[in-house]
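S.K.: Below is one structure. I have some questions about it.
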Amino acid sequence: MKTIYFSGKAGDGKTASALGIALKLQEKEFKVSYFKPLGFQRGAVKKDDPDVFLMREVLKLPFSSETISPFAVNPHYLTGHFFQEKDNLPEKINEAHARCGEGYDVLLVDGGMFPFAGRNQGLDDFNLAERWRAGVVYVLKPDDDFDLDQGLLYLDLWTYRNVKVIGCIFNNVSRTQWEKTRTVYKPLLENKGIPVLGAIPRKTEIAAPTVAEFYEVLQGEILAAPDQMNRLVEEVVIGTMTTESALSYLRRAPNKALITGGDRSDMAMTALETSTSVIIFTGGLYPDVHVLSRAEEKGVPVILVHTDTYTTVENLHSVYRSIHPQNAEAIRIVKRNVEKHITLQPVLDFLQGK
């Protein structure tokens, strides 16, 4: 059994890349399994990880969610209940890894929220990939040059540990970054000896989160259009400027989430005349009733949260689009992306010991 470790930041498309490659490997008659050592837990109650549910259902795996993802973390996992009854955690994760891989040709491992997550327990991507003699596929969403620099640092760390780097996938690449990715980022990595498996353009259907996924993280109160929570959110706009200066930007930002204080009814009314998917009022301040009436007319959900604007924006960093097993079209797009944009041969070479 060979282990392929998919690493990168949450929201960059590790799971989608792993799913697309898994489906192609199955077509080539490989028996493929999946493992996620560190899930992400929101709140005090552990729920099924949507990535685990997706992969278990699509790959038809016989394992429970707890076996596939034996431990969940959040940004404060070192305190409180997280380590109760978690003795010998590395050994238990090793056992779960072995169980999920037994009888399969290849085990695809989904890395943590960040490659360094779990470092203090030796459960970060670097340690685990080295421990399991995995080949690494790094998935990078290149929004700017710093993202590339960060990716290079991580790739160097695997190289220093003598971990096999199968290659890098540029994923969820925006239109504005497409040419730079192809003509600058890709040659830069290749000149450093890092294979680039391909670049996948951004597909709104599978990349943009829904209003419901925003609400799952933020909670709060839904004040308008609760039946429109499936609307897609492509951009986030912070409404702190004057209405006059914001108007041109609001017009350019499609399917946006506007985050602003409840006392900024002027900003909200302006946004409702442009392409807006949701308005999020912060600070616990209820907006003017005219805003709610207009939002209901437009079918734009309004969410009220009690956190400040900065905290609200920070909380949204953990929001990313989850593909559901029943969404056959999204799964088809994921598979087609691999067929069209990814070179699979380096993966096959690793599996064949080349």
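Chain labels follow the order of the structure tokens: the first chain is A, the next B, and so on; residue numbering restarts at 1 in every chain, and ligands are counted from 1 in their shown order.
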Going by DSSP on the backbone, which residues of stretch 110-264 of chain A come out as strand (DSSP E or B)? List them as a ChimeraX atom specification.

M.R.: /A:110,135-140,164-173,196-201,210,221-224,232,235-238,256-261

S.K.: May I have all residues of stretch 20-238 of chain A that DSSP, computed from the backbone, assigns to helix (DSSP H, G or I), given as a PyMOL selection string?

M.R.: chain A and resi 20-27+50-58+65-68+80-83+89-101+119-121+125-131+145-160+175-191+204-207+211-218+226-228

S.K.: For a test of reading the model, state the distance in Å between atom CA of A:Lys141 and atom CA of A:Thr181, rounded to one decimal.

M.R.: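 These atoms are spaced 9.8 Å apart.
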
S.K.: Where does stretch 71-162 of chain A meet stretch 188-203 of chain A within 12 Å, residue by residue, with the nearest atom pair and distance in Å to one decimal for each, counting only C-alpha atoms, listed by chain and rising number, as a tab-separated table?

M.R.:
residue	atom	partner	partner_atom	distance
A:Val136	CA	A:Pro195	CA	11.2
A:Val137	CA	A:Leu197	CA	8.8
A:Tyr138	CA	A:Val196	CA	9.5
A:Val139	CA	A:Ala199	CA	9.8
A:Leu140	CA	A:Ala199	CA	9.3
A:Lys141	CA	A:Ile200	CA	9.4
A:Pro142	CA	A:Ala199	CA	10.0
A:Asp143	CA	A:Arg202	CA	11.3
A:Asp145	CA	A:Leu188	CA	11.5
A:Leu148	CA	A:Leu189	CA	9.1
A:Asp149	CA	A:Leu189	CA	10.4
A:Gly151	CA	A:Leu189	CA	9.8
A:Leu152	CA	A:Leu189	CA	7.9
A:Leu153	CA	A:Leu189	CA	11.5
A:Tyr154	CA	A:Ile194	CA	11.8
A:Leu155	CA	A:Ile194	CA	8.3
A:Asp156	CA	A:Ile194	CA	9.6
A:Trp158	CA	A:Ile194	CA	11.4
A:Thr159	CA	A:Ile194	CA	9.9

S.K.: Return the single residue from A:Tyr34, A:Tyr185, A:Phe281, A:Phe6 that is closest to A:Phe170, with distances computed using only C-alpha atoms.

M.R.: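 With only C-alpha atoms as the atom set, the closest residue is A:Tyr185.
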
S.K.: Considering only C-alpha atoms, state which residue in the set A:Gln150, A:Asn127, A:Gln177, A:Ser64 is at the smallest distance from A:Asn162.

M.R.: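 Of all the options, A:Asn127 lies closest to A:Asn162.
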
S.K.: Which residue is closest to A:Leu25? Choose from A:Ser7, A:Asn120, A:Gln345, A:Thr67 and count only C-alpha atoms.

M.R.: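 Of A:Ser7, A:Asn120, A:Gln345, A:Thr67, the one nearest A:Leu25, counting only C-alpha atoms, is A:Gln345.
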
S.K.: Find the residues around A:Met229 up to 6 Å (only C-alpha atoms counted), leave out those fewer than 2 positions away in its own chain, and share them as a count of residues only.

M.R.: 4

S.K.: Nearest to A:Ile333 among A:Gly167, A:Pro209, A:Gly20, A:Gly13, with distances taken over only C-alpha atoms: which residue is it?

M.R.: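 Nearest to A:Ile333: A:Gly20.
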
S.K.: Name all residues at most 12 Å from A:Glu130 (count only C-alpha atoms; drop same-chain ones fewer than 4 positions away) and give them as a PyMOL selection string.

M.R.: chain A and resi 3-5+122-126+134-136+157-165

S.K.: Selection from above, N, CA and C atoms, as a tab-separated table (two decimals), in the first residue's frame, can you write it?

M.R.:
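Listing of again.tsv after writing:
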chain	number	residue	atom	x	y	z
A	3	THR	N	1.04	5.54	0.26
A	3	THR	CA	0.32	6.68	0.83
A	3	THR	C	0.66	7.95	0.05
A	4	ILE	N	-0.37	8.65	-0.39
A	4	ILE	CA	-0.19	9.96	-1.02
A	4	ILE	C	-0.80	11.00	-0.10
A	5	TYR	N	-0.01	11.97	0.30
A	5	TYR	CA	-0.41	12.97	1.29
A	5	TYR	C	-0.73	14.30	0.58
A	122	GLY	N	3.43	16.34	17.14
A	122	GLY	CA	4.04	15.55	16.06
A	122	GLY	C	3.04	15.07	15.03
A	123	LEU	N	1.92	15.79	14.92
A	123	LEU	CA	0.86	15.38	14.01
A	123	LEU	C	0.68	16.34	12.84
A	124	ASP	N	1.68	17.15	12.57
A	124	ASP	CA	1.65	18.05	11.43
A	124	ASP	C	1.91	17.27	10.14
A	125	ASP	N	1.65	17.89	9.01
A	125	ASP	CA	1.81	17.21	7.71
A	125	ASP	C	3.23	16.73	7.47
A	126	PHE	N	4.22	17.49	7.95
A	126	PHE	CA	5.61	17.13	7.69
A	126	PHE	C	5.99	15.85	8.43
A	134	ALA	N	5.20	8.76	2.79
A	134	ALA	CA	4.22	9.17	1.79
A	134	ALA	C	4.88	9.99	0.69
A	135	GLY	N	4.23	10.03	-0.44
A	135	GLY	CA	4.53	11.01	-1.46
A	135	GLY	C	3.59	12.19	-1.27
A	136	VAL	N	4.10	13.42	-1.41
A	136	VAL	CA	3.31	14.61	-1.11
A	136	VAL	C	2.85	15.29	-2.40
A	157	LEU	N	10.72	22.17	3.17
A	157	LEU	CA	10.74	21.40	4.41
A	157	LEU	C	10.57	19.91	4.15
A	158	TRP	N	9.71	19.55	3.20
A	158	TRP	CA	9.59	18.12	2.87
A	158	TRP	C	10.86	17.60	2.22
A	159	THR	N	11.45	18.41	1.37
A	159	THR	CA	12.70	18.00	0.71
A	159	THR	C	13.80	17.77	1.73
A	160	TYR	N	13.91	18.66	2.73
A	160	TYR	CA	14.93	18.50	3.77
A	160	TYR	C	14.73	17.22	4.57
A	161	ARG	N	13.51	16.75	4.66
A	161	ARG	CA	13.20	15.52	5.39
A	161	ARG	C	13.28	14.28	4.49
A	162	ASN	N	13.70	14.48	3.27
A	162	ASN	CA	13.79	13.38	2.29
A	162	ASN	C	12.43	12.73	2.02
A	163	VAL	N	11.39	13.55	2.10
A	163	VAL	CA	10.04	13.10	1.73
A	163	VAL	C	9.85	13.34	0.24
A	164	LYS	N	9.33	12.35	-0.45
A	164	LYS	CA	9.11	12.46	-1.89
A	164	LYS	C	8.03	13.48	-2.20
A	165	VAL	N	8.36	14.52	-2.95
A	165	VAL	CA	7.37	15.49	-3.42
A	165	VAL	C	6.94	15.06	-4.82

S.K.: I'd like the contact shell of A:Ala18 - 7 Å cut-off, only C-alpha atoms, skipping same-chain residues fewer than 3 positions apart - returned as a list in words.

M.R.: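 Result of the neighbour search: Phe6, Lys14, Thr15, Ile21, Ala22 and Leu108 of chain A.
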